[in-house]
Amino acid sequence: MWKLLQIELFKIFRRPRTYIAFGAVAAIVLLFQVGLKYDGKSYLDLILSNVDDSFEMSDDFKTRLLNGYFVCFAILNILLIQMPLLVALISGDAIAGEANMGTLRLSLTRPVSRTQYMLVKFGASVIYTLILLIWLAVLALFGSMLLFGTNTMVVFRSGGIEMMNSYDVLWRYVAAFGYAAVALTTVSSLAFLLSVFAENSIGPIIATMSIVIVLTILSEMNIPIYDHTVKPYLFTTHMVAWKGFFYVQSDGENRTIDGTIQNLPAILRSLGILFLYIILFTGAAIQVFRKKDILS
Amino acid sequence: MKFKMRTILSIALAVLYIHATAQTPEALVQRVKAKLAQVNDYEAKGTMKTNVAFIKAPIATVKVYYKKPDKLRINNESGLSFIPKGSVNINLNNIFLNTAGFDMIDGGMETGTKLRIIKLLPKEENGDVVLSTLYIDTSAALVKKARTTTRENGTYELEMTYGKYAAWGLADKVIFTFNTKDYKLPKGVTFDYDDGSKKEESKTDRKKGRVEIVYSSYIINKGVADSVFR
């Protein structure tokens with residue numbers, strides 16, 4: 001199994017297109033950081049327009065607010081919606097790519113079961129996803145900390161503002177990135193499932209992108225009829241639960257309580273739902289593949 | 001002998017009371033102003049608690065700098081704080097900066113607290129301040145409460161508790177209450193995660209904010225650099 005996994009990883013990282021995702025992530029993060037470094041105050045003015053009537057908005061305040069933790073959160077807010085598309089590039093190609101090249105039948109002549117073969121393929125996709133996420137963490141979190149320094153983290157929600165002491169933030173990012181890994185693996189498993197049905201990798205990649213885009217829009221729609229009927233069952237609704245690690249509990253006088261999460265059971269429930277989707281998609285992919293006639 | 005002492009004490013108290021109530025508002029304000037005028041600058045250390053319905057904020061360690069005539073700065077030493085507009089008024093000198101521009105009206109004594117109420121009405125009609133009401137402890141010449149109504153930023157309220165720096169007219173604890181506007185950002189901007197938490201019922205009025213500063217020490221009249229206020 002380990003040897004097979006090594007071969008699969010070698011195949012993934014030998015292909016130049018694998019690095020498109022790494023390049024895209026680096027470009028987006030750097031563009032964001034450079035933009036905020038030189039014109040971050042304009043960006044903050046937009047967000048703070050709601051409170052600037054009541055509070056002092058000095059340059060010093062804005063400089064402190066625009067710290068590495070805030071910048072990283074802003075980047076993840078944008079990027080973690082796009083990242084699934086980059087993940088689908090590899091997972092959607094896992095089986096369909098082999099079929100397209102005509103090497104699938106040849107691969108299966110080796111003394112490994114189809115289940116093992118699928119698990120190794122999926123495992124390689126997950127490792128790719130994790131490496132991409134680590135790359136994102138290094139650039140977005142540590143890069144921003146280096147460029148902007150650290151300070152109290154401020155999270156702007158639609159109905160309120162969350163503030164966390166700087167010493168209470170890093171563990172939240174570790175947890176959030178861990179959660180994001182599971183969320184992206186869900187998309188990876190969907191692309192992997194669709195890959196089993198196709199003979200060409202373009203189909204599953206575009207299909208995954210389309211599904212993720214439609215479901216994300218549905219998850220973000222503010223139409224009450226969907227709130228309790230459709231949204232709770234969509235995996236895209238639960239993919240944003242990483243933000244829950246930055247929602248803190250407060251006492252009766254709105255004072256932040258260090259080391260707390262507002263609703264940990266809700267995050268764990270979302271995590272459980274994502275794991276169910278991963279098992280469902282991957283299990284279905286293996287099941288279909290085991291019974292499939294391999295003709296290419 | 002006992003009867004004599006009691007009579008003298010009663011007369012002394014009566015004289016004091018008459019003296020206190022007989023003081024014109026101008027004379028009383030002048031006494032308070034004179035006490036505050038002893039302070040040219042200070043650097044104070046303390047903790048600040050912010051209580052605004054839509055902000056969850058940690059307790060901050062702050063340094064407050066003041067320099068005559070009206071420079072004031074609150075620096076969060078441990079991080080970041082939302083400082084309310086009008087917080088410059090936590091230094092009472094700012095209220096007494098231009099008493100000549102105000103008409104003073106005696107509001108009598110507040111029931112229960114025996115604080116003298118003085119209302120300051122601006123002579124200029126177009127200024128931002130519409131009315132300031134001071135609640136003064138006449139015997140110590142200390143402002144215990146102040147309420148300022150402004151044209152642009154609503155009403156500010158100050159509540160002071162004095163301790164070891166009372167001789168300078170500086171409070172050990174200041175509670176600053178101010179008006180806030182409701183906060184709302186579009187969900188399409190924030191992409192919030194709906195964790196199903198019911199909105200916690202805050203004890204704070206959604207339209208009122210409160211900042212409480214508890215001072216642990218003051219360094220008075222030792223000089224504060226202008227660069228601090230930039």
# chains A, B, ... in the order shown; residues from 1 in each chain; ligands from 1
>>> residues_around(residues="Leu5 in chain A", least_positions_apart="4", cutoff="9 Å", atoms="only C-alpha atoms", output="PyMOL selection string")
chain A and resi 1+9-10+120-121+123-124
>>> closest_atom_pairs(of="range 84-172 of chain A", to="range 228-246 of chain A", cutoff="9 Å", atoms="only C-alpha atoms", output="Markdown table")
| residue | atom | partner | partner_atom | distance |
| --- | --- | --- | --- | --- |
| A:Val155 | CA | A:Phe246 | CA | 7.3 |
| A:Glu162 | CA | A:Phe246 | CA | 7.7 |
| A:Met163 | CA | A:Phe246 | CA | 8.8 |
| A:Met164 | CA | A:Phe246 | CA | 8.2 |
| A:Val169 | CA | A:Phe246 | CA | 8.1 |
| A:Arg172 | CA | A:Phe245 | CA | 5.6 |
>>> write_last_selection(atoms="N, CA and C atoms", output="tab-separated table (two decimals), in the first residue's frame")
chain	number	residue	atom	x	y	z
A	155	VAL	N	-12.82	40.08	14.60
A	155	VAL	CA	-13.60	39.41	13.56
A	155	VAL	C	-14.93	40.16	13.42
A	162	GLU	N	-16.23	40.43	17.20
A	162	GLU	CA	-15.57	39.54	18.18
A	162	GLU	C	-14.12	40.00	18.32
A	163	MET	N	-13.66	40.13	19.56
A	163	MET	CA	-12.26	40.51	19.77
A	163	MET	C	-11.57	39.47	20.65
A	164	MET	N	-10.37	39.07	20.22
A	164	MET	CA	-9.62	38.07	20.98
A	164	MET	C	-8.21	38.57	21.29
A	169	VAL	N	-5.08	33.36	20.00
A	169	VAL	CA	-5.50	33.24	18.60
A	169	VAL	C	-4.89	32.04	17.88
A	172	ARG	N	-6.53	28.76	17.69
A	172	ARG	CA	-7.77	28.81	16.90
A	172	ARG	C	-7.45	28.57	15.42
>>> closest_atom_pairs(of="range 96-178 of chain B", to="range 42-56 of chain B", cutoff="12 Å", atoms="only C-alpha atoms", output="Markdown table")
| residue | atom | partner | partner_atom | distance |
| --- | --- | --- | --- | --- |
| B:Tyr165 | CA | B:Ala44 | CA | 11.2 |
| B:Trp168 | CA | B:Tyr42 | CA | 10.8 |
| B:Leu170 | CA | B:Tyr42 | CA | 9.9 |
| B:Ala171 | CA | B:Ala44 | CA | 10.6 |
| B:Asp172 | CA | B:Gly46 | CA | 9.1 |
| B:Lys173 | CA | B:Gly46 | CA | 9.1 |
| B:Val174 | CA | B:Met48 | CA | 9.6 |
| B:Ile175 | CA | B:Lys49 | CA | 9.4 |
| B:Phe176 | CA | B:Thr50 | CA | 9.6 |
| B:Thr177 | CA | B:Asn51 | CA | 9.4 |
| B:Phe178 | CA | B:Val52 | CA | 9.6 |
>>> interface_residues(of="chain A", to="chain B", cutoff="8 Å", atoms="only C-alpha atoms", output="PDB file with N, CA and C atoms, in the first residue's frame")
ATOM      1  N   ILE A  47     -15.236  48.471   6.065  1.00  0.00           N
ATOM      2  CA  ILE A  47     -15.779  47.583   7.101  1.00  0.00           C
ATOM      3  C   ILE A  47     -16.214  48.378   8.335  1.00  0.00           C
ATOM      4  N   ASN A  50     -19.717  51.243   9.659  1.00  0.00           N
ATOM      5  CA  ASN A  50     -20.850  51.026  10.551  1.00  0.00           C
ATOM      6  C   ASN A  50     -20.631  51.570  11.957  1.00  0.00           C
ATOM      7  N   VAL A  51     -19.370  51.646  12.356  1.00  0.00           N
ATOM      8  CA  VAL A  51     -19.083  52.027  13.748  1.00  0.00           C
ATOM      9  C   VAL A  51     -18.315  53.339  13.879  1.00  0.00           C
ATOM     10  N   ASP A  53     -19.135  56.265  13.521  1.00  0.00           N
ATOM     11  CA  ASP A  53     -19.871  57.370  14.146  1.00  0.00           C
ATOM     12  C   ASP A  53     -19.721  57.339  15.665  1.00  0.00           C
ATOM     13  N   SER A  54     -19.530  56.146  16.198  1.00  0.00           N
ATOM     14  CA  SER A  54     -19.512  55.996  17.653  1.00  0.00           C
ATOM     15  C   SER A  54     -18.109  55.880  18.240  1.00  0.00           C
ATOM     16  N   PHE A  55     -17.126  55.468  17.413  1.00  0.00           N
ATOM     17  CA  PHE A  55     -15.783  55.215  17.958  1.00  0.00           C
ATOM     18  C   PHE A  55     -14.712  56.000  17.212  1.00  0.00           C
ATOM     19  N   GLU A  56     -13.616  56.252  17.941  1.00  0.00           N
ATOM     20  CA  GLU A  56     -12.468  56.934  17.348  1.00  0.00           C
ATOM     21  C   GLU A  56     -11.801  55.985  16.358  1.00  0.00           C
ATOM     22  N   PHE A  61      -5.099  53.148  15.431  1.00  0.00           N
ATOM     23  CA  PHE A  61      -6.091  52.096  15.657  1.00  0.00           C
ATOM     24  C   PHE A  61      -6.180  51.183  14.429  1.00  0.00           C
ATOM     25  N   ARG A  64      -3.129  48.953  14.059  1.00  0.00           N
ATOM     26  CA  ARG A  64      -3.159  47.836  15.014  1.00  0.00           C
ATOM     27  C   ARG A  64      -4.194  46.790  14.595  1.00  0.00           C
ATOM     28  N   LEU A  65      -5.312  47.269  14.080  1.00  0.00           N
ATOM     29  CA  LEU A  65      -6.377  46.355  13.652  1.00  0.00           C
ATOM     30  C   LEU A  65      -5.930  45.502  12.466  1.00  0.00           C
ATOM     31  N   ASN A  77     -11.245  33.920   4.360  1.00  0.00           N
ATOM     32  CA  ASN A  77     -12.658  34.196   4.072  1.00  0.00           C
ATOM     33  C   ASN A  77     -12.924  34.160   2.568  1.00  0.00           C
ATOM     34  N   ASN A 151      -1.494  41.306  16.939  1.00  0.00           N
ATOM     35  CA  ASN A 151      -2.188  42.159  17.909  1.00  0.00           C
ATOM     36  C   ASN A 151      -3.520  41.488  18.229  1.00  0.00           C
ATOM     37  N   THR A 152      -4.378  42.191  18.926  1.00  0.00           N
ATOM     38  CA  THR A 152      -5.714  41.662  19.199  1.00  0.00           C
ATOM     39  C   THR A 152      -6.386  41.325  17.864  1.00  0.00           C
ATOM     40  N   PHE A 156     -15.207  40.607  12.211  1.00  0.00           N
ATOM     41  CA  PHE A 156     -16.459  41.337  11.962  1.00  0.00           C
ATOM     42  C   PHE A 156     -17.509  40.360  11.459  1.00  0.00           C
ATOM     43  N   ARG A 157     -18.563  40.192  12.233  1.00  0.00           N
ATOM     44  CA  ARG A 157     -19.691  39.353  11.809  1.00  0.00           C
ATOM     45  C   ARG A 157     -20.842  40.268  11.402  1.00  0.00           C
ATOM     46  N   SER A 158     -21.874  39.669  10.826  1.00  0.00           N
ATOM     47  CA  SER A 158     -22.956  40.540  10.356  1.00  0.00           C
ATOM     48  C   SER A 158     -23.664  41.245  11.517  1.00  0.00           C
ATOM     49  N   GLY A 159     -23.715  40.599  12.688  1.00  0.00           N
ATOM     50  CA  GLY A 159     -24.448  41.209  13.794  1.00  0.00           C
ATOM     51  C   GLY A 159     -23.593  41.672  14.958  1.00  0.00           C
ATOM     52  N   GLY A 160     -22.283  41.544  14.847  1.00  0.00           N
ATOM     53  CA  GLY A 160     -21.441  41.949  15.971  1.00  0.00           C
ATOM     54  C   GLY A 160     -19.956  41.804  15.676  1.00  0.00           C
ATOM     55  N   ILE A 161     -19.168  42.229  16.646  1.00  0.00           N
ATOM     56  CA  ILE A 161     -17.708  42.215  16.504  1.00  0.00           C
ATOM     57  C   ILE A 161     -17.116  41.342  17.605  1.00  0.00           C
ATOM     58  N   GLU A 162     -16.229  40.427  17.204  1.00  0.00           N
ATOM     59  CA  GLU A 162     -15.571  39.539  18.180  1.00  0.00           C
ATOM     60  C   GLU A 162     -14.125  39.996  18.318  1.00  0.00           C
ATOM     61  N   MET A 163     -13.658  40.129  19.555  1.00  0.00           N
ATOM     62  CA  MET A 163     -12.256  40.512  19.768  1.00  0.00           C
ATOM     63  C   MET A 163     -11.572  39.468  20.646  1.00  0.00           C
ATOM     64  N   MET A 164     -10.367  39.071  20.221  1.00  0.00           N
ATOM     65  CA  MET A 164      -9.616  38.073  20.979  1.00  0.00           C
ATOM     66  C   MET A 164      -8.212  38.570  21.286  1.00  0.00           C
ATOM     67  N   ASN A 165      -7.740  38.299  22.496  1.00  0.00           N
ATOM     68  CA  ASN A 165      -6.366  38.642  22.843  1.00  0.00           C
ATOM     69  C   ASN A 165      -5.404  37.904  21.909  1.00  0.00           C
ATOM     70  N   SER A 166      -4.283  38.542  21.581  1.00  0.00           N
ATOM     71  CA  SER A 166      -3.371  37.943  20.598  1.00  0.00           C
ATOM     72  C   SER A 166      -2.843  36.578  21.055  1.00  0.00           C
ATOM     73  N   GLU A 220     -25.481  30.386   1.106  1.00  0.00           N
ATOM     74  CA  GLU A 220     -25.351  31.785   1.520  1.00  0.00           C
ATOM     75  C   GLU A 220     -26.610  32.611   1.278  1.00  0.00           C
ATOM     76  N   THR A 237     -22.741  24.228   3.496  1.00  0.00           N
ATOM     77  CA  THR A 237     -23.169  24.988   4.688  1.00  0.00           C
ATOM     78  C   THR A 237     -22.182  24.747   5.820  1.00  0.00           C
ATOM     79  N   HIS A 238     -21.704  23.514   5.917  1.00  0.00           N
ATOM     80  CA  HIS A 238     -20.838  23.141   7.038  1.00  0.00           C
ATOM     81  C   HIS A 238     -19.357  23.412   6.754  1.00  0.00           C
ATOM     82  N   VAL A 240     -17.993  26.171   6.072  1.00  0.00           N
ATOM     83  CA  VAL A 240     -17.533  27.450   6.657  1.00  0.00           C
ATOM     84  C   VAL A 240     -17.458  27.411   8.191  1.00  0.00           C
ATOM     85  N   ALA A 241     -17.681  26.224   8.748  1.00  0.00           N
ATOM     86  CA  ALA A 241     -17.696  26.130  10.225  1.00  0.00           C
ATOM     87  C   ALA A 241     -16.327  26.389  10.848  1.00  0.00           C
ATOM     88  N   LYS A 243     -14.902  28.993  10.805  1.00  0.00           N
ATOM     89  CA  LYS A 243     -15.015  30.334  11.408  1.00  0.00           C
ATOM     90  C   LYS A 243     -15.512  30.267  12.849  1.00  0.00           C
ATOM     91  N   GLY A 244     -16.213  29.200  13.144  1.00  0.00           N
ATOM     92  CA  GLY A 244     -16.750  29.038  14.495  1.00  0.00           C
ATOM     93  C   GLY A 244     -15.664  29.073  15.568  1.00  0.00           C
ATOM     94  N   VAL A 248     -16.260  33.739  19.983  1.00  0.00           N
ATOM     95  CA  VAL A 248     -15.946  33.471  21.388  1.00  0.00           C
ATOM     96  C   VAL A 248     -17.143  33.676  22.314  1.00  0.00           C
ATOM     97  N   SER A 250     -18.803  35.158  25.789  1.00  0.00           N
ATOM     98  CA  SER A 250     -18.579  36.365  26.586  1.00  0.00           C
ATOM     99  C   SER A 250     -19.390  36.279  27.870  1.00  0.00           C
ATOM    100  N   GLY A 252     -21.681  38.267  31.023  1.00  0.00           N
ATOM    101  CA  GLY A 252     -22.881  39.106  30.966  1.00  0.00           C
ATOM    102  C   GLY A 252     -22.625  40.547  30.564  1.00  0.00           C
ATOM    103  N   GLU A 253     -21.344  40.962  30.649  1.00  0.00           N
ATOM    104  CA  GLU A 253     -21.027  42.347  30.295  1.00  0.00           C
ATOM    105  C   GLU A 253     -20.213  42.432  29.008  1.00  0.00           C
ATOM    106  N   ASN A 254     -20.429  41.427  28.145  1.00  0.00           N
ATOM    107  CA  ASN A 254     -19.800  41.383  26.819  1.00  0.00           C
ATOM    108  C   ASN A 254     -18.276  41.336  26.848  1.00  0.00           C
ATOM    109  N   ARG A 255     -17.735  40.752  27.897  1.00  0.00           N
ATOM    110  CA  ARG A 255     -16.279  40.609  27.971  1.00  0.00           C
ATOM    111  C   ARG A 255     -15.891  39.229  27.444  1.00  0.00           C
ATOM    112  N   THR A 256     -14.931  39.223  26.515  1.00  0.00           N
ATOM    113  CA  THR A 256     -14.455  37.984  25.920  1.00  0.00           C
ATOM    114  C   THR A 256     -13.905  37.041  26.991  1.00  0.00           C
ATOM    115  N   ILE A 257     -14.245  35.756  26.892  1.00  0.00           N
ATOM    116  CA  ILE A 257     -13.652  34.774  27.810  1.00  0.00           C
ATOM    117  C   ILE A 257     -12.576  34.021  27.028  1.00  0.00           C
ATOM    118  N   GLN A 262     -17.760  29.843  21.043  1.00  0.00           N
ATOM    119  CA  GLN A 262     -19.181  30.137  21.302  1.00  0.00           C
ATOM    120  C   GLN A 262     -20.051  28.889  21.260  1.00  0.00           C
ATOM    121  N   ASN A 263     -19.866  28.062  20.230  1.00  0.00           N
ATOM    122  CA  ASN A 263     -20.727  26.887  20.106  1.00  0.00           C
ATOM    123  C   ASN A 263     -19.936  25.696  19.554  1.00  0.00           C
ATOM    124  N   ALA A 266     -21.858  22.724  17.899  1.00  0.00           N
ATOM    125  CA  ALA A 266     -22.310  22.979  16.524  1.00  0.00           C
ATOM    126  C   ALA A 266     -21.174  22.700  15.539  1.00  0.00           C
ATOM    127  N   ILE A 267     -19.951  23.090  15.919  1.00  0.00           N
ATOM    128  CA  ILE A 267     -18.798  22.846  15.031  1.00  0.00           C
ATOM    129  C   ILE A 267     -18.563  21.340  14.902  1.00  0.00           C
TER     130      ILE A 267
END
>>> residues_around(residues="Phe96 in chain B", least_positions_apart="5", cutoff="9 Å", atoms="only C-alpha atoms", output="ChimeraX atom specification")
/B:29,32-33,36
>>> write_last_selection(atoms="N, CA and C atoms", output="mmCIF file, in the first residue's frame")
data_model
loop_
_atom_site.group_PDB
_atom_site.id
_atom_site.type_symbol
_atom_site.label_atom_id
_atom_site.label_comp_id
_atom_site.auth_asym_id
_atom_site.auth_seq_id
_atom_site.Cartn_x
_atom_site.Cartn_y
_atom_site.Cartn_z
ATOM 1 N N VAL B 29 -18.205 76.228 40.877
ATOM 2 C CA VAL B 29 -17.482 75.765 39.674
ATOM 3 C C VAL B 29 -16.046 76.264 39.726
ATOM 4 N N VAL B 32 -14.044 73.984 41.958
ATOM 5 C CA VAL B 32 -13.736 72.711 41.277
ATOM 6 C C VAL B 32 -12.637 72.932 40.242
ATOM 7 N N LYS B 33 -12.802 74.023 39.508
ATOM 8 C CA LYS B 33 -11.848 74.355 38.450
ATOM 9 C C LYS B 33 -10.445 74.572 39.023
ATOM 10 N N LEU B 36 -8.838 71.277 39.796
ATOM 11 C CA LEU B 36 -8.405 70.574 38.577
ATOM 12 C C LEU B 36 -7.205 71.279 37.930
#
>>> select_by_dssp(residues="range 37-230 of chain B", states="helix (DSSP H, G or I)", output="PyMOL selection string")
chain B and resi 37+87-90+92-94+99-101+166-168+187-190+226-229
>>> write_last_selection(atoms="N, CA and C atoms", output="PDB file, in the first residue's frame")
ATOM      1  N   ALA B  37      -7.143  72.593  38.139  1.00  0.00           N
ATOM      2  CA  ALA B  37      -6.070  73.376  37.503  1.00  0.00           C
ATOM      3  C   ALA B  37      -4.686  73.031  38.048  1.00  0.00           C
ATOM      4  N   SER B  87     -14.606  60.444  24.328  1.00  0.00           N
ATOM      5  CA  SER B  87     -13.936  59.949  25.537  1.00  0.00           C
ATOM      6  C   SER B  87     -12.953  60.969  26.093  1.00  0.00           C
ATOM      7  N   VAL B  88     -12.647  61.981  25.283  1.00  0.00           N
ATOM      8  CA  VAL B  88     -11.766  63.049  25.757  1.00  0.00           C
ATOM      9  C   VAL B  88     -12.383  63.709  27.007  1.00  0.00           C
ATOM     10  N   ASN B  89     -13.703  63.588  27.130  1.00  0.00           N
ATOM     11  CA  ASN B  89     -14.400  64.193  28.271  1.00  0.00           C
ATOM     12  C   ASN B  89     -14.193  63.442  29.579  1.00  0.00           C
ATOM     13  N   ILE B  90     -13.518  62.275  29.523  1.00  0.00           N
ATOM     14  CA  ILE B  90     -13.267  61.594  30.790  1.00  0.00           C
ATOM     15  C   ILE B  90     -12.327  62.439  31.651  1.00  0.00           C
ATOM     16  N   LEU B  92     -12.074  65.857  33.222  1.00  0.00           N
ATOM     17  CA  LEU B  92     -13.036  66.926  33.515  1.00  0.00           C
ATOM     18  C   LEU B  92     -12.548  68.307  33.106  1.00  0.00           C
ATOM     19  N   ASN B  93     -11.226  68.461  32.978  1.00  0.00           N
ATOM     20  CA  ASN B  93     -10.696  69.754  32.561  1.00  0.00           C
ATOM     21  C   ASN B  93     -11.329  70.215  31.259  1.00  0.00           C
ATOM     22  N   ASN B  94     -11.657  69.226  30.413  1.00  0.00           N
ATOM     23  CA  ASN B  94     -12.246  69.583  29.125  1.00  0.00           C
ATOM     24  C   ASN B  94     -13.623  70.223  29.279  1.00  0.00           C
ATOM     25  N   THR B  99     -15.582  77.856  30.716  1.00  0.00           N
ATOM     26  CA  THR B  99     -16.774  78.114  31.532  1.00  0.00           C
ATOM     27  C   THR B  99     -17.342  79.507  31.271  1.00  0.00           C
ATOM     28  N   ALA B 100     -16.478  80.408  30.773  1.00  0.00           N
ATOM     29  CA  ALA B 100     -16.954  81.763  30.484  1.00  0.00           C
ATOM     30  C   ALA B 100     -17.985  81.747  29.357  1.00  0.00           C
ATOM     31  N   GLY B 101     -17.915  80.717  28.545  1.00  0.00           N
ATOM     32  CA  GLY B 101     -18.849  80.626  27.418  1.00  0.00           C
ATOM     33  C   GLY B 101     -20.183  80.000  27.808  1.00  0.00           C
ATOM     34  N   ALA B 166      -7.990  62.250  45.069  1.00  0.00           N
ATOM     35  CA  ALA B 166      -9.105  63.205  45.156  1.00  0.00           C
ATOM     36  C   ALA B 166      -8.609  64.645  45.327  1.00  0.00           C
ATOM     37  N   ALA B 167      -7.473  64.800  46.010  1.00  0.00           N
ATOM     38  CA  ALA B 167      -6.940  66.146  46.231  1.00  0.00           C
ATOM     39  C   ALA B 167      -6.602  66.847  44.916  1.00  0.00           C
ATOM     40  N   TRP B 168      -6.301  66.059  43.892  1.00  0.00           N
ATOM     41  CA  TRP B 168      -5.992  66.620  42.567  1.00  0.00           C
ATOM     42  C   TRP B 168      -7.261  66.705  41.690  1.00  0.00           C
ATOM     43  N   LYS B 187     -24.532  39.888   5.245  1.00  0.00           N
ATOM     44  CA  LYS B 187     -24.000  38.521   5.345  1.00  0.00           C
ATOM     45  C   LYS B 187     -23.181  38.147   4.112  1.00  0.00           C
ATOM     46  N   GLY B 188     -23.501  38.779   2.999  1.00  0.00           N
ATOM     47  CA  GLY B 188     -22.753  38.526   1.762  1.00  0.00           C
ATOM     48  C   GLY B 188     -21.315  39.024   1.847  1.00  0.00           C
ATOM     49  N   VAL B 189     -21.028  39.876   2.807  1.00  0.00           N
ATOM     50  CA  VAL B 189     -19.659  40.380   3.004  1.00  0.00           C
ATOM     51  C   VAL B 189     -18.930  39.508   4.023  1.00  0.00           C
ATOM     52  N   THR B 190     -19.645  39.124   5.073  1.00  0.00           N
ATOM     53  CA  THR B 190     -18.974  38.419   6.171  1.00  0.00           C
ATOM     54  C   THR B 190     -18.943  36.907   5.979  1.00  0.00           C
ATOM     55  N   ASP B 226       4.575  65.644  23.653  1.00  0.00           N
ATOM     56  CA  ASP B 226       3.492  65.892  22.682  1.00  0.00           C
ATOM     57  C   ASP B 226       3.330  64.736  21.703  1.00  0.00           C
ATOM     58  N   SER B 227       4.447  64.031  21.452  1.00  0.00           N
ATOM     59  CA  SER B 227       4.414  62.941  20.473  1.00  0.00           C
ATOM     60  C   SER B 227       3.428  61.840  20.875  1.00  0.00           C
ATOM     61  N   VAL B 228       3.145  61.740  22.175  1.00  0.00           N
ATOM     62  CA  VAL B 228       2.212  60.710  22.656  1.00  0.00           C
ATOM     63  C   VAL B 228       0.817  60.904  22.046  1.00  0.00           C
ATOM     64  N   PHE B 229       0.470  62.166  21.785  1.00  0.00           N
ATOM     65  CA  PHE B 229      -0.902  62.465  21.341  1.00  0.00           C
ATOM     66  C   PHE B 229      -1.068  62.404  19.827  1.00  0.00           C
TER      67      PHE B 229
END
>>> residues_around(residues="range 124-136 of chain B", least_positions_apart="4", cutoff="9 Å", atoms="only C-alpha atoms", output="PyMOL selection string")
chain B and resi 28-29+32+95+101-102+107+109-110+114-120+140-153
>>> write_last_selection(atoms="N, CA and C atoms", output="compact mmCIF listing (two decimals), in the first residue's frame")
# COMPACT_ATOMS: atom_id res chain seq x y z
N LEU B 28 -18.84 77.85 43.07
CA LEU B 28 -18.61 76.40 43.23
C LEU B 28 -17.80 75.83 42.06
N VAL B 29 -18.20 76.23 40.88
CA VAL B 29 -17.48 75.77 39.67
C VAL B 29 -16.05 76.26 39.73
N VAL B 32 -14.04 73.98 41.96
CA VAL B 32 -13.74 72.71 41.28
C VAL B 32 -12.64 72.93 40.24
N ILE B 95 -14.33 69.81 30.32
CA ILE B 95 -15.66 70.40 30.56
C ILE B 95 -15.50 71.84 31.04
N GLY B 101 -17.91 80.72 28.54
CA GLY B 101 -18.85 80.63 27.42
C GLY B 101 -20.18 80.00 27.81
N PHE B 102 -20.38 79.77 29.11
CA PHE B 102 -21.61 79.12 29.56
C PHE B 102 -22.34 79.96 30.59
N GLY B 107 -29.28 74.02 39.91
CA GLY B 107 -30.36 73.03 39.84
C GLY B 107 -30.74 72.49 41.20
N MET B 109 -30.24 70.68 45.02
CA MET B 109 -29.54 69.48 45.49
C MET B 109 -30.24 68.23 44.96
N GLU B 110 -29.45 67.23 44.59
CA GLU B 110 -30.05 65.96 44.13
C GLU B 110 -30.55 65.21 45.36
N LYS B 114 -27.34 64.32 47.90
CA LYS B 114 -26.94 65.65 48.37
C LYS B 114 -25.84 66.25 47.49
N LEU B 115 -25.90 65.93 46.25
CA LEU B 115 -24.95 66.54 45.32
C LEU B 115 -25.61 67.78 44.72
N ARG B 116 -24.80 68.80 44.54
CA ARG B 116 -25.34 70.05 44.00
C ARG B 116 -25.39 69.93 42.48
N ILE B 117 -26.53 70.28 41.91
CA ILE B 117 -26.68 70.18 40.45
C ILE B 117 -26.46 71.56 39.83
N ILE B 118 -25.51 71.61 38.92
CA ILE B 118 -25.24 72.86 38.21
C ILE B 118 -25.41 72.57 36.72
N LYS B 119 -26.20 73.37 36.08
CA LYS B 119 -26.40 73.20 34.64
C LYS B 119 -25.60 74.26 33.89
N LEU B 120 -24.87 73.83 32.88
CA LEU B 120 -24.10 74.77 32.07
C LEU B 120 -24.76 74.89 30.69
N ALA B 140 -16.20 68.59 49.09
CA ALA B 140 -14.88 68.20 48.58
C ALA B 140 -14.54 68.91 47.28
N ALA B 141 -15.48 69.64 46.73
CA ALA B 141 -15.33 70.30 45.42
C ALA B 141 -14.94 69.29 44.34
N LEU B 142 -15.71 68.22 44.28
CA LEU B 142 -15.43 67.16 43.30
C LEU B 142 -16.69 66.89 42.46
N VAL B 143 -16.49 66.75 41.17
CA VAL B 143 -17.61 66.41 40.29
C VAL B 143 -17.81 64.90 40.37
N LYS B 144 -18.98 64.47 40.82
CA LYS B 144 -19.23 63.04 40.95
C LYS B 144 -19.90 62.47 39.69
N LYS B 145 -20.71 63.32 39.07
CA LYS B 145 -21.40 62.89 37.84
C LYS B 145 -21.45 64.06 36.88
N ALA B 146 -21.47 63.75 35.60
CA ALA B 146 -21.62 64.81 34.60
C ALA B 146 -22.39 64.24 33.42
N ARG B 147 -23.27 65.03 32.87
CA ARG B 147 -24.00 64.60 31.69
C ARG B 147 -23.90 65.70 30.65
N THR B 148 -23.39 65.37 29.47
CA THR B 148 -23.24 66.37 28.41
C THR B 148 -24.07 65.94 27.21
N THR B 149 -24.94 66.82 26.78
CA THR B 149 -25.74 66.52 25.59
C THR B 149 -25.17 67.31 24.42
N THR B 150 -24.85 66.58 23.35
CA THR B 150 -24.26 67.25 22.19
C THR B 150 -25.23 67.19 21.01
N ARG B 151 -24.97 68.06 20.05
CA ARG B 151 -25.82 68.13 18.87
C ARG B 151 -25.57 66.91 17.97
N GLU B 152 -24.29 66.52 17.82
CA GLU B 152 -23.92 65.50 16.84
C GLU B 152 -23.86 64.08 17.41
N ASN B 153 -23.36 63.96 18.63
CA ASN B 153 -23.05 62.61 19.13
C ASN B 153 -23.87 62.18 20.35
>>> atom_distance(atom1="CA of Leu31 in chain A", atom2="CA of Gln82 in chain A")
15.1 Å
>>> atom_distance(atom1="CA of Leu193 in chain A", atom2="CA of Ala284 in chain A")
6.9 Å
>>> select_by_dssp(residues="range 116-216 of chain B", states="strand (DSSP E)", output="ChimeraX atom specification")
/B:116-122,129-137,142-150,155-162,171-179,208-216
